[in-house]
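Everything below belongs to data_17.cif, which stores mmCIF, N, CA and C atoms.
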data_work
loop_
_atom_site.label_atom_id
_atom_site.label_comp_id
_atom_site.auth_asym_id
_atom_site.auth_seq_id
_atom_site.Cartn_x
_atom_site.Cartn_y
_atom_site.Cartn_z
N MET A 24 4.80 -27.33 18.79
CA MET A 24 5.30 -26.22 17.99
C MET A 24 4.10 -25.34 17.61
N SER A 25 4.16 -24.08 17.95
CA SER A 25 3.04 -23.19 17.65
C SER A 25 3.21 -22.57 16.27
N ALA A 26 2.08 -22.23 15.67
CA ALA A 26 2.10 -21.61 14.34
C ALA A 26 2.63 -20.18 14.46
N MET A 27 3.36 -19.78 13.43
CA MET A 27 3.90 -18.42 13.40
C MET A 27 2.76 -17.45 13.12
N LYS A 28 2.69 -16.38 13.89
CA LYS A 28 1.69 -15.34 13.66
C LYS A 28 2.27 -14.36 12.65
N ILE A 29 1.65 -14.30 11.48
CA ILE A 29 2.13 -13.44 10.41
C ILE A 29 1.46 -12.07 10.53
N PRO A 30 2.28 -11.01 10.64
CA PRO A 30 1.70 -9.67 10.76
C PRO A 30 1.02 -9.25 9.46
N ARG A 31 -0.02 -8.47 9.58
CA ARG A 31 -0.77 -7.96 8.42
C ARG A 31 -0.50 -6.47 8.28
N PRO A 32 -0.44 -5.98 7.04
CA PRO A 32 -0.21 -4.54 6.84
C PRO A 32 -1.47 -3.73 7.10
N ASP A 33 -1.28 -2.50 7.59
CA ASP A 33 -2.41 -1.59 7.70
C ASP A 33 -2.60 -0.89 6.35
N GLU A 34 -3.67 -0.13 6.23
CA GLU A 34 -3.97 0.52 4.94
C GLU A 34 -2.86 1.49 4.52
N GLY A 35 -2.28 2.19 5.50
CA GLY A 35 -1.19 3.13 5.18
C GLY A 35 0.01 2.43 4.58
N SER A 36 0.33 1.25 5.08
CA SER A 36 1.47 0.49 4.55
C SER A 36 1.18 -0.02 3.14
N LYS A 37 -0.05 -0.44 2.91
CA LYS A 37 -0.43 -0.88 1.56
C LYS A 37 -0.37 0.29 0.58
N GLU A 38 -0.83 1.46 1.02
CA GLU A 38 -0.79 2.64 0.16
C GLU A 38 0.66 3.05 -0.14
N PHE A 39 1.52 2.96 0.87
CA PHE A 39 2.94 3.29 0.67
C PHE A 39 3.54 2.34 -0.36
N PHE A 40 3.29 1.04 -0.20
CA PHE A 40 3.77 0.03 -1.16
C PHE A 40 3.29 0.38 -2.57
N ASN A 41 1.99 0.63 -2.71
CA ASN A 41 1.43 0.93 -4.03
C ASN A 41 2.02 2.20 -4.63
N SER A 42 2.32 3.18 -3.78
CA SER A 42 2.88 4.44 -4.29
C SER A 42 4.30 4.26 -4.82
N LEU A 43 4.97 3.19 -4.39
CA LEU A 43 6.35 2.94 -4.80
C LEU A 43 6.47 1.99 -5.99
N LEU A 44 5.36 1.37 -6.38
CA LEU A 44 5.41 0.39 -7.47
C LEU A 44 5.93 1.04 -8.75
N PRO A 45 6.94 0.44 -9.36
CA PRO A 45 7.44 0.98 -10.63
C PRO A 45 6.38 0.85 -11.73
N ASP A 46 6.33 1.83 -12.61
CA ASP A 46 5.44 1.79 -13.76
C ASP A 46 6.14 0.99 -14.85
N ASP A 47 6.05 -0.33 -14.72
CA ASP A 47 6.76 -1.24 -15.61
C ASP A 47 5.82 -2.42 -15.89
N PRO A 48 5.54 -2.71 -17.14
CA PRO A 48 4.58 -3.78 -17.46
C PRO A 48 5.04 -5.16 -16.99
N ARG A 49 6.31 -5.33 -16.70
CA ARG A 49 6.81 -6.63 -16.22
C ARG A 49 6.46 -6.88 -14.75
N VAL A 50 6.13 -5.81 -14.02
CA VAL A 50 5.88 -5.92 -12.59
C VAL A 50 4.48 -6.49 -12.35
N LYS A 51 4.44 -7.55 -11.55
CA LYS A 51 3.17 -8.18 -11.16
C LYS A 51 3.07 -8.15 -9.64
N VAL A 52 1.89 -7.81 -9.14
CA VAL A 52 1.66 -7.76 -7.69
C VAL A 52 0.82 -8.97 -7.32
N ARG A 53 1.24 -9.65 -6.24
CA ARG A 53 0.52 -10.84 -5.77
C ARG A 53 0.45 -10.82 -4.25
N PRO A 54 -0.62 -11.40 -3.71
CA PRO A 54 -0.69 -11.55 -2.25
C PRO A 54 0.30 -12.62 -1.79
N MET A 55 0.89 -12.39 -0.63
CA MET A 55 1.84 -13.35 -0.04
C MET A 55 1.56 -13.43 1.46
N PHE A 56 0.96 -14.52 1.90
CA PHE A 56 0.73 -14.77 3.32
C PHE A 56 0.03 -13.61 4.02
N GLY A 57 -1.01 -13.07 3.39
CA GLY A 57 -1.76 -11.97 3.98
C GLY A 57 -1.12 -10.61 3.77
N ASN A 58 0.00 -10.58 3.10
CA ASN A 58 0.69 -9.35 2.76
C ASN A 58 0.66 -9.21 1.25
N VAL A 59 1.45 -8.32 0.70
CA VAL A 59 1.48 -8.13 -0.75
C VAL A 59 2.93 -7.93 -1.19
N SER A 60 3.25 -8.49 -2.37
CA SER A 60 4.62 -8.38 -2.90
C SER A 60 4.59 -8.11 -4.39
N ALA A 61 5.68 -7.56 -4.88
CA ALA A 61 5.84 -7.27 -6.31
C ALA A 61 6.90 -8.21 -6.88
N PHE A 62 6.63 -8.67 -8.11
CA PHE A 62 7.49 -9.65 -8.77
C PHE A 62 7.85 -9.16 -10.16
N VAL A 63 9.02 -9.59 -10.63
CA VAL A 63 9.42 -9.38 -12.01
C VAL A 63 9.98 -10.72 -12.49
N ASN A 64 9.50 -11.19 -13.62
CA ASN A 64 9.90 -12.50 -14.15
C ASN A 64 9.73 -13.62 -13.12
N GLY A 65 8.73 -13.48 -12.27
CA GLY A 65 8.46 -14.49 -11.25
C GLY A 65 9.31 -14.37 -10.00
N ASN A 66 10.22 -13.41 -9.97
CA ASN A 66 11.11 -13.20 -8.81
C ASN A 66 10.60 -12.03 -7.96
N MET A 67 10.41 -12.29 -6.67
CA MET A 67 9.97 -11.24 -5.76
C MET A 67 11.09 -10.22 -5.59
N PHE A 68 10.73 -8.93 -5.69
CA PHE A 68 11.76 -7.90 -5.48
C PHE A 68 11.36 -6.88 -4.42
N MET A 69 10.10 -6.83 -4.05
CA MET A 69 9.65 -5.84 -3.08
C MET A 69 8.36 -6.33 -2.45
N GLY A 70 8.16 -5.98 -1.19
CA GLY A 70 6.90 -6.36 -0.56
C GLY A 70 6.73 -5.70 0.79
N VAL A 71 5.56 -5.97 1.37
CA VAL A 71 5.32 -5.54 2.74
C VAL A 71 5.13 -6.78 3.59
N PHE A 72 5.62 -6.68 4.81
CA PHE A 72 5.46 -7.73 5.80
C PHE A 72 5.01 -7.01 7.06
N GLY A 73 3.73 -7.12 7.36
CA GLY A 73 3.17 -6.26 8.40
C GLY A 73 3.22 -4.84 7.89
N ASN A 74 3.76 -3.94 8.67
CA ASN A 74 3.86 -2.54 8.24
C ASN A 74 5.27 -2.18 7.77
N ASN A 75 6.05 -3.19 7.45
CA ASN A 75 7.42 -2.98 7.02
C ASN A 75 7.57 -3.26 5.52
N LEU A 76 8.36 -2.44 4.86
CA LEU A 76 8.69 -2.63 3.45
C LEU A 76 10.02 -3.36 3.36
N PHE A 77 10.10 -4.34 2.45
CA PHE A 77 11.38 -5.00 2.22
C PHE A 77 11.71 -4.97 0.74
N LEU A 78 13.02 -5.01 0.44
CA LEU A 78 13.52 -4.98 -0.93
C LEU A 78 14.57 -6.06 -1.12
N ARG A 79 14.63 -6.62 -2.31
CA ARG A 79 15.67 -7.57 -2.68
C ARG A 79 16.75 -6.77 -3.42
N LEU A 80 17.99 -6.88 -2.93
CA LEU A 80 19.07 -6.06 -3.49
C LEU A 80 20.33 -6.88 -3.72
N SER A 81 21.19 -6.37 -4.59
CA SER A 81 22.50 -6.98 -4.82
C SER A 81 23.33 -6.86 -3.54
N GLY A 82 24.39 -7.62 -3.45
CA GLY A 82 25.27 -7.57 -2.28
C GLY A 82 25.80 -6.17 -2.02
N GLU A 83 26.23 -5.50 -3.08
CA GLU A 83 26.75 -4.12 -2.95
C GLU A 83 25.68 -3.18 -2.42
N ASP A 84 24.49 -3.27 -3.01
CA ASP A 84 23.40 -2.38 -2.59
C ASP A 84 22.94 -2.69 -1.16
N ARG A 85 22.91 -3.97 -0.80
CA ARG A 85 22.54 -4.33 0.58
C ARG A 85 23.51 -3.71 1.56
N GLU A 86 24.79 -3.84 1.26
CA GLU A 86 25.82 -3.29 2.15
C GLU A 86 25.67 -1.78 2.28
N GLU A 87 25.46 -1.10 1.16
CA GLU A 87 25.31 0.36 1.18
C GLU A 87 24.09 0.77 2.01
N LEU A 88 22.96 0.10 1.79
CA LEU A 88 21.75 0.46 2.51
C LEU A 88 21.86 0.14 4.00
N LEU A 89 22.47 -0.97 4.32
CA LEU A 89 22.64 -1.33 5.73
C LEU A 89 23.53 -0.31 6.45
N ASN A 90 24.54 0.19 5.77
CA ASN A 90 25.46 1.15 6.38
C ASN A 90 24.88 2.55 6.47
N GLU A 91 24.10 2.96 5.48
CA GLU A 91 23.67 4.35 5.40
C GLU A 91 22.33 4.66 6.05
N LYS A 92 21.40 3.76 6.01
CA LYS A 92 20.03 4.11 6.33
C LYS A 92 19.45 3.38 7.54
N SER A 93 20.27 2.78 8.34
CA SER A 93 19.82 2.02 9.51
C SER A 93 18.78 0.96 9.14
N ALA A 94 18.91 0.42 7.94
CA ALA A 94 18.07 -0.69 7.52
C ALA A 94 18.59 -1.96 8.19
N THR A 95 17.80 -3.02 8.13
CA THR A 95 18.20 -4.30 8.75
C THR A 95 17.92 -5.44 7.77
N LEU A 96 18.49 -6.59 8.05
CA LEU A 96 18.18 -7.76 7.26
C LEU A 96 16.72 -8.13 7.47
N PHE A 97 16.07 -8.62 6.43
CA PHE A 97 14.68 -9.04 6.53
C PHE A 97 14.65 -10.44 7.12
N GLU A 98 14.07 -10.54 8.29
CA GLU A 98 14.06 -11.78 9.06
C GLU A 98 12.62 -12.08 9.50
N PRO A 99 11.79 -12.63 8.58
CA PRO A 99 10.39 -12.88 8.95
C PRO A 99 10.25 -13.88 10.10
N MET A 100 11.21 -14.80 10.21
CA MET A 100 11.26 -15.73 11.35
C MET A 100 12.57 -15.47 12.07
N LYS A 101 12.50 -15.23 13.37
CA LYS A 101 13.69 -14.89 14.15
C LYS A 101 14.79 -15.93 13.90
N GLY A 102 15.98 -15.41 13.57
CA GLY A 102 17.12 -16.27 13.34
C GLY A 102 17.19 -16.85 11.93
N LYS A 103 16.24 -16.47 11.07
CA LYS A 103 16.21 -16.99 9.70
C LYS A 103 16.07 -15.84 8.69
N PRO A 104 17.17 -15.09 8.49
CA PRO A 104 17.07 -13.97 7.54
C PRO A 104 16.88 -14.50 6.12
N MET A 105 16.14 -13.74 5.32
CA MET A 105 15.96 -14.08 3.91
C MET A 105 17.13 -13.50 3.12
N LYS A 106 17.85 -14.37 2.47
CA LYS A 106 19.01 -13.98 1.68
C LYS A 106 18.60 -12.92 0.66
N GLU A 107 19.38 -11.89 0.55
CA GLU A 107 19.23 -10.79 -0.41
C GLU A 107 18.16 -9.76 -0.07
N TYR A 108 17.43 -9.91 1.04
CA TYR A 108 16.34 -8.98 1.34
C TYR A 108 16.68 -8.08 2.53
N ILE A 109 16.31 -6.81 2.40
CA ILE A 109 16.57 -5.80 3.42
C ILE A 109 15.25 -5.16 3.84
N LEU A 110 15.10 -4.96 5.14
CA LEU A 110 13.93 -4.28 5.69
C LEU A 110 14.23 -2.79 5.74
N ILE A 111 13.36 -2.01 5.14
CA ILE A 111 13.53 -0.55 5.10
C ILE A 111 12.99 0.03 6.41
N PRO A 112 13.69 0.96 7.03
CA PRO A 112 13.20 1.55 8.28
C PRO A 112 11.82 2.19 8.10
N ARG A 113 10.97 2.04 9.09
CA ARG A 113 9.61 2.62 9.03
C ARG A 113 9.66 4.13 8.85
N SER A 114 10.71 4.76 9.34
CA SER A 114 10.83 6.22 9.22
C SER A 114 10.85 6.66 7.75
N CYS A 115 11.18 5.76 6.85
CA CYS A 115 11.25 6.10 5.42
C CYS A 115 9.87 6.30 4.81
N LYS A 116 8.81 5.90 5.52
CA LYS A 116 7.47 6.11 4.98
C LYS A 116 7.18 7.59 4.75
N SER A 117 7.83 8.43 5.51
CA SER A 117 7.62 9.87 5.33
C SER A 117 8.56 10.45 4.27
N GLN A 118 9.37 9.58 3.65
CA GLN A 118 10.33 10.03 2.64
C GLN A 118 10.29 9.13 1.40
N PRO A 119 9.14 9.02 0.74
CA PRO A 119 9.06 8.11 -0.41
C PRO A 119 10.06 8.43 -1.51
N ALA A 120 10.41 9.70 -1.68
CA ALA A 120 11.38 10.08 -2.72
C ALA A 120 12.75 9.47 -2.43
N ALA A 121 13.07 9.26 -1.17
CA ALA A 121 14.35 8.64 -0.80
C ALA A 121 14.32 7.13 -1.00
N VAL A 122 13.13 6.53 -1.00
CA VAL A 122 13.00 5.08 -1.13
C VAL A 122 12.93 4.65 -2.60
N ARG A 123 12.36 5.50 -3.45
CA ARG A 123 12.16 5.14 -4.87
C ARG A 123 13.44 4.68 -5.58
N PRO A 124 14.58 5.35 -5.39
CA PRO A 124 15.80 4.86 -6.06
C PRO A 124 16.18 3.44 -5.62
N TRP A 125 15.89 3.11 -4.36
CA TRP A 125 16.18 1.76 -3.86
C TRP A 125 15.22 0.75 -4.49
N VAL A 126 13.99 1.16 -4.70
CA VAL A 126 13.03 0.28 -5.38
C VAL A 126 13.50 0.04 -6.81
N SER A 127 14.00 1.07 -7.47
CA SER A 127 14.53 0.92 -8.84
C SER A 127 15.71 -0.04 -8.87
N ARG A 128 16.58 0.08 -7.89
CA ARG A 128 17.72 -0.84 -7.81
C ARG A 128 17.25 -2.26 -7.58
N SER A 129 16.25 -2.41 -6.74
CA SER A 129 15.70 -3.73 -6.45
C SER A 129 15.11 -4.36 -7.72
N LEU A 130 14.33 -3.59 -8.45
CA LEU A 130 13.75 -4.08 -9.70
C LEU A 130 14.85 -4.45 -10.69
N ALA A 131 15.86 -3.61 -10.82
CA ALA A 131 16.96 -3.88 -11.75
C ALA A 131 17.68 -5.17 -11.37
N TRP A 132 17.93 -5.35 -10.08
CA TRP A 132 18.63 -6.56 -9.62
C TRP A 132 17.79 -7.80 -9.90
N ALA A 133 16.53 -7.79 -9.52
CA ALA A 133 15.67 -8.96 -9.71
C ALA A 133 15.43 -9.24 -11.19
N SER A 134 15.48 -8.21 -12.03
CA SER A 134 15.28 -8.39 -13.46
C SER A 134 16.40 -9.20 -14.10
N LYS A 135 17.57 -9.19 -13.47
CA LYS A 135 18.73 -9.92 -13.99
C LYS A 135 18.70 -11.40 -13.60
N LEU A 136 17.85 -11.75 -12.64
CA LEU A 136 17.79 -13.14 -12.18
C LEU A 136 17.09 -14.02 -13.20
N PRO A 137 17.42 -15.32 -13.22
CA PRO A 137 16.73 -16.22 -14.15
C PRO A 137 15.23 -16.22 -13.87
N GLN A 138 14.44 -16.31 -14.93
CA GLN A 138 12.99 -16.34 -14.78
C GLN A 138 12.59 -17.59 -13.99
N LYS A 139 11.67 -17.39 -13.05
CA LYS A 139 11.15 -18.50 -12.23
C LYS A 139 10.25 -19.37 -13.11
N LYS A 140 10.39 -20.65 -12.92
CA LYS A 140 9.52 -21.60 -13.64
C LYS A 140 8.21 -21.71 -12.87
N LYS A 141 7.11 -21.84 -13.59
CA LYS A 141 5.81 -21.95 -12.94
C LYS A 141 5.57 -23.36 -12.46
#
Encoded form (structure tokens):
Amino acid sequence: MSAMKIPRPDEGSKEFFNSLLPDDPRVKVRPMFGNVSAFVNGNMFMGVFGNNLFLRLSGEDREELLNEKSATLFEPMKGKPMKEYILIPRSCKSQPAAVRPWVSRSLAWASKLPQKKK
């Protein structure tokens, strides 16, 4: 069994992620497997995986985003999608204003989840 090669973000993807971070004192940024993710109450709600942005959303929001924006399920390992996470199309990097409301929804959804125990 070979080790999974985890993609790394380029500087542009890191800058895009940072530009979308909500100005909220509850938000904490941590490295995740060579990438970077944002957490609220210990729950991941947004991150980059390679040069792709992903968001954690409610069922309703996932359905809306999948239907409207050609987004896809976040599947870091083929055949193993991460429940509640959606991959934002790379084309959205040129439209940060269109992505920010989805980041807000992601933060709101993750904020309602029980706090993760350390």
Once the PyMOL selection byres ((chain A and resi 108) around 8) is applied to the coordinates I shared, what remains selected? I want it as a list in words.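 With the shown file as input, the PyMOL selection byres ((chain A and resi 108) around 8) matches Phe68, Phe77, Leu78, Arg79, Leu80, Ser81, Arg85, Thr95, Leu96, Phe97, Glu98, Pro104, Met105, Lys106, Glu107, Ile109, Leu110 and Ile111 of chain A.
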Name the residues in contact with region 41-58 of chain A at a cut-off of 6 Å, using all atoms listed in the file, excluding same-chain residues fewer than 4 positions from it; report them as a ChimeraX atom specification. /A:31-32,36-37,62-64,71-73
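Atom to atom, CA of Ala61 (chain A) and CA of Phe40 (chain A) stand 9.2 Å apart.
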DSSP strand (DSSP E) residues within chain A, as JSON, numbers by chain: {"A": [50, 51, 52, 53, 54, 55, 58, 59, 60, 61, 62, 63, 66, 67, 68, 69, 70, 71, 72, 75, 76, 77, 78, 79, 95, 96, 108, 109, 110, 111]}
Quick check on the file I pasted: which residues fall under the PyMOL selection byres (((chain A and resi 122 and name CA) around 12) and name CA)? Write them as a compact mmCIF listing (two decimals) with N, CA and C atoms, keeping the file's coordinate frame.
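The resulting file, selection36.txt, is shown below:
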# COMPACT_ATOMS: atom_id res chain seq x y z
N PHE A 39 1.52 2.96 0.87
CA PHE A 39 2.94 3.29 0.67
C PHE A 39 3.54 2.34 -0.36
N PHE A 40 3.29 1.04 -0.20
CA PHE A 40 3.77 0.03 -1.16
C PHE A 40 3.29 0.38 -2.57
N SER A 42 2.32 3.18 -3.78
CA SER A 42 2.88 4.44 -4.29
C SER A 42 4.30 4.26 -4.82
N LEU A 43 4.97 3.19 -4.39
CA LEU A 43 6.35 2.94 -4.80
C LEU A 43 6.47 1.99 -5.99
N LEU A 44 5.36 1.37 -6.38
CA LEU A 44 5.41 0.39 -7.47
C LEU A 44 5.93 1.04 -8.75
N PRO A 45 6.94 0.44 -9.36
CA PRO A 45 7.44 0.98 -10.63
C PRO A 45 6.38 0.85 -11.73
N MET A 69 10.10 -6.83 -4.05
CA MET A 69 9.65 -5.84 -3.08
C MET A 69 8.36 -6.33 -2.45
N LEU A 76 8.36 -2.44 4.86
CA LEU A 76 8.69 -2.63 3.45
C LEU A 76 10.02 -3.36 3.36
N PHE A 77 10.10 -4.34 2.45
CA PHE A 77 11.38 -5.00 2.22
C PHE A 77 11.71 -4.97 0.74
N LEU A 78 13.02 -5.01 0.44
CA LEU A 78 13.52 -4.98 -0.93
C LEU A 78 14.57 -6.06 -1.12
N LEU A 88 22.96 0.10 1.79
CA LEU A 88 21.75 0.46 2.51
C LEU A 88 21.86 0.14 4.00
N LYS A 92 21.40 3.76 6.01
CA LYS A 92 20.03 4.11 6.33
C LYS A 92 19.45 3.38 7.54
N ALA A 94 18.91 0.42 7.94
CA ALA A 94 18.07 -0.69 7.52
C ALA A 94 18.59 -1.96 8.19
N LEU A 110 15.10 -4.96 5.14
CA LEU A 110 13.93 -4.28 5.69
C LEU A 110 14.23 -2.79 5.74
N ILE A 111 13.36 -2.01 5.14
CA ILE A 111 13.53 -0.55 5.10
C ILE A 111 12.99 0.03 6.41
N PRO A 112 13.69 0.96 7.03
CA PRO A 112 13.20 1.55 8.28
C PRO A 112 11.82 2.19 8.10
N ARG A 113 10.97 2.04 9.09
CA ARG A 113 9.61 2.62 9.03
C ARG A 113 9.66 4.13 8.85
N SER A 114 10.71 4.76 9.34
CA SER A 114 10.83 6.22 9.22
C SER A 114 10.85 6.66 7.75
N CYS A 115 11.18 5.76 6.85
CA CYS A 115 11.25 6.10 5.42
C CYS A 115 9.87 6.30 4.81
N LYS A 116 8.81 5.90 5.52
CA LYS A 116 7.47 6.11 4.98
C LYS A 116 7.18 7.59 4.75
N SER A 117 7.83 8.43 5.51
CA SER A 117 7.62 9.87 5.33
C SER A 117 8.56 10.45 4.27
N GLN A 118 9.37 9.58 3.65
CA GLN A 118 10.33 10.03 2.64
C GLN A 118 10.29 9.13 1.40
N PRO A 119 9.14 9.02 0.74
CA PRO A 119 9.06 8.11 -0.41
C PRO A 119 10.06 8.43 -1.51
N ALA A 120 10.41 9.70 -1.68
CA ALA A 120 11.38 10.08 -2.72
C ALA A 120 12.75 9.47 -2.43
N ALA A 121 13.07 9.26 -1.17
CA ALA A 121 14.35 8.64 -0.80
C ALA A 121 14.32 7.13 -1.00
N ARG A 123 12.36 5.50 -3.45
CA ARG A 123 12.16 5.14 -4.87
C ARG A 123 13.44 4.68 -5.58
N PRO A 124 14.58 5.35 -5.39
CA PRO A 124 15.80 4.86 -6.06
C PRO A 124 16.18 3.44 -5.62
N TRP A 125 15.89 3.11 -4.36
CA TRP A 125 16.18 1.76 -3.86
C TRP A 125 15.22 0.75 -4.49
N VAL A 126 13.99 1.16 -4.70
CA VAL A 126 13.03 0.28 -5.38
C VAL A 126 13.50 0.04 -6.81
N SER A 127 14.00 1.07 -7.47
CA SER A 127 14.53 0.92 -8.84
C SER A 127 15.71 -0.04 -8.87
N ARG A 128 16.58 0.08 -7.89
CA ARG A 128 17.72 -0.84 -7.81
C ARG A 128 17.25 -2.26 -7.58
N SER A 129 16.25 -2.41 -6.74
CA SER A 129 15.70 -3.73 -6.45
C SER A 129 15.11 -4.36 -7.72
Straight-line distance linking atom C of Asp84 (chain A) with CA of Ala131 (chain A), stated in Å to one decimal: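 Separation between atom C of Asp84 (chain A) and CA of Ala131 (chain A): 12.2 Å.
Between CA of Asn74 (chain A) and CA of Ser93 (chain A) the separation is 16.6 Å.
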Going by DSSP on the backbone, which bits of chain A are alpha helix (DSSP H)? Write them as an MDAnalysis selection string, please. chainID A and resid 34:43 82:91 119:134
Print the selection's residues with N, CA and C atoms to a file, as a tab-separated table (two decimals), in the coordinates of the input.
chain	number	residue	atom	x	y	z
A	34	GLU	N	-3.67	-0.13	6.23
A	34	GLU	CA	-3.97	0.52	4.94
A	34	GLU	C	-2.86	1.49	4.52
A	35	GLY	N	-2.28	2.19	5.50
A	35	GLY	CA	-1.19	3.13	5.18
A	35	GLY	C	0.01	2.43	4.58
A	36	SER	N	0.33	1.25	5.08
A	36	SER	CA	1.47	0.49	4.55
A	36	SER	C	1.18	-0.02	3.14
A	37	LYS	N	-0.05	-0.44	2.91
A	37	LYS	CA	-0.43	-0.88	1.56
A	37	LYS	C	-0.37	0.29	0.58
A	38	GLU	N	-0.83	1.46	1.02
A	38	GLU	CA	-0.79	2.64	0.16
A	38	GLU	C	0.66	3.05	-0.14
A	39	PHE	N	1.52	2.96	0.87
A	39	PHE	CA	2.94	3.29	0.67
A	39	PHE	C	3.54	2.34	-0.36
A	40	PHE	N	3.29	1.04	-0.20
A	40	PHE	CA	3.77	0.03	-1.16
A	40	PHE	C	3.29	0.38	-2.57
A	41	ASN	N	1.99	0.63	-2.71
A	41	ASN	CA	1.43	0.93	-4.03
A	41	ASN	C	2.02	2.20	-4.63
A	42	SER	N	2.32	3.18	-3.78
A	42	SER	CA	2.88	4.44	-4.29
A	42	SER	C	4.30	4.26	-4.82
A	43	LEU	N	4.97	3.19	-4.39
A	43	LEU	CA	6.35	2.94	-4.80
A	43	LEU	C	6.47	1.99	-5.99
A	82	GLY	N	24.39	-7.62	-3.45
A	82	GLY	CA	25.27	-7.57	-2.28
A	82	GLY	C	25.80	-6.17	-2.02
A	83	GLU	N	26.23	-5.50	-3.08
A	83	GLU	CA	26.75	-4.12	-2.95
A	83	GLU	C	25.68	-3.18	-2.42
A	84	ASP	N	24.49	-3.27	-3.01
A	84	ASP	CA	23.40	-2.38	-2.59
A	84	ASP	C	22.94	-2.69	-1.16
A	85	ARG	N	22.91	-3.97	-0.80
A	85	ARG	CA	22.54	-4.33	0.58
A	85	ARG	C	23.51	-3.71	1.56
A	86	GLU	N	24.79	-3.84	1.26
A	86	GLU	CA	25.82	-3.29	2.15
A	86	GLU	C	25.67	-1.78	2.28
A	87	GLU	N	25.46	-1.10	1.16
A	87	GLU	CA	25.31	0.36	1.18
A	87	GLU	C	24.09	0.77	2.01
A	88	LEU	N	22.96	0.10	1.79
A	88	LEU	CA	21.75	0.46	2.51
A	88	LEU	C	21.86	0.14	4.00
A	89	LEU	N	22.47	-0.97	4.32
A	89	LEU	CA	22.64	-1.33	5.73
A	89	LEU	C	23.53	-0.31	6.45
A	90	ASN	N	24.54	0.19	5.77
A	90	ASN	CA	25.46	1.15	6.38
A	90	ASN	C	24.88	2.55	6.47
A	91	GLU	N	24.10	2.96	5.48
A	91	GLU	CA	23.67	4.35	5.40
A	91	GLU	C	22.33	4.66	6.05
A	119	PRO	N	9.14	9.02	0.74
A	119	PRO	CA	9.06	8.11	-0.41
A	119	PRO	C	10.06	8.43	-1.51
A	120	ALA	N	10.41	9.70	-1.68
A	120	ALA	CA	11.38	10.08	-2.72
A	120	ALA	C	12.75	9.47	-2.43
A	121	ALA	N	13.07	9.26	-1.17
A	121	ALA	CA	14.35	8.64	-0.80
A	121	ALA	C	14.32	7.13	-1.00
A	122	VAL	N	13.13	6.53	-1.00
A	122	VAL	CA	13.00	5.08	-1.13
A	122	VAL	C	12.93	4.65	-2.60
A	123	ARG	N	12.36	5.50	-3.45
A	123	ARG	CA	12.16	5.14	-4.87
A	123	ARG	C	13.44	4.68	-5.58
A	124	PRO	N	14.58	5.35	-5.39
A	124	PRO	CA	15.80	4.86	-6.06
A	124	PRO	C	16.18	3.44	-5.62
A	125	TRP	N	15.89	3.11	-4.36
A	125	TRP	CA	16.18	1.76	-3.86
A	125	TRP	C	15.22	0.75	-4.49
A	126	VAL	N	13.99	1.16	-4.70
A	126	VAL	CA	13.03	0.28	-5.38
A	126	VAL	C	13.50	0.04	-6.81
A	127	SER	N	14.00	1.07	-7.47
A	127	SER	CA	14.53	0.92	-8.84
A	127	SER	C	15.71	-0.04	-8.87
A	128	ARG	N	16.58	0.08	-7.89
A	128	ARG	CA	17.72	-0.84	-7.81
A	128	ARG	C	17.25	-2.26	-7.58
A	129	SER	N	16.25	-2.41	-6.74
A	129	SER	CA	15.70	-3.73	-6.45
A	129	SER	C	15.11	-4.36	-7.72
A	130	LEU	N	14.33	-3.59	-8.45
A	130	LEU	CA	13.75	-4.08	-9.70
A	130	LEU	C	14.85	-4.45	-10.69
A	131	ALA	N	15.86	-3.61	-10.82
A	131	ALA	CA	16.96	-3.88	-11.75
A	131	ALA	C	17.68	-5.17	-11.37
A	132	TRP	N	17.93	-5.35	-10.08
A	132	TRP	CA	18.63	-6.56	-9.62
A	132	TRP	C	17.79	-7.80	-9.90
A	133	ALA	N	16.53	-7.79	-9.52
A	133	ALA	CA	15.67	-8.96	-9.71
A	133	ALA	C	15.43	-9.24	-11.19
A	134	SER	N	15.48	-8.21	-12.03
A	134	SER	CA	15.28	-8.39	-13.46
A	134	SER	C	16.40	-9.20	-14.10
Can you tell me, as AutoDock Vina command-line options, the centre and edge lengths (Å, one decimal) of the axis-aligned box enclosing all of region 114-121 of chain A's listed atoms after padding each side by 4 Å?
--center_x 10.8 --center_y 7.6 --center_z 3.3 --size_x 15.2 --size_y 13.7 --size_z 20.1
For Gly65 (chain A), work out the shell of residues within 7 Å, counting only N, CA and C atoms and skipping chain neighbours fewer than 4 positions away, then give it as a ChimeraX atom specification. /A:138-140
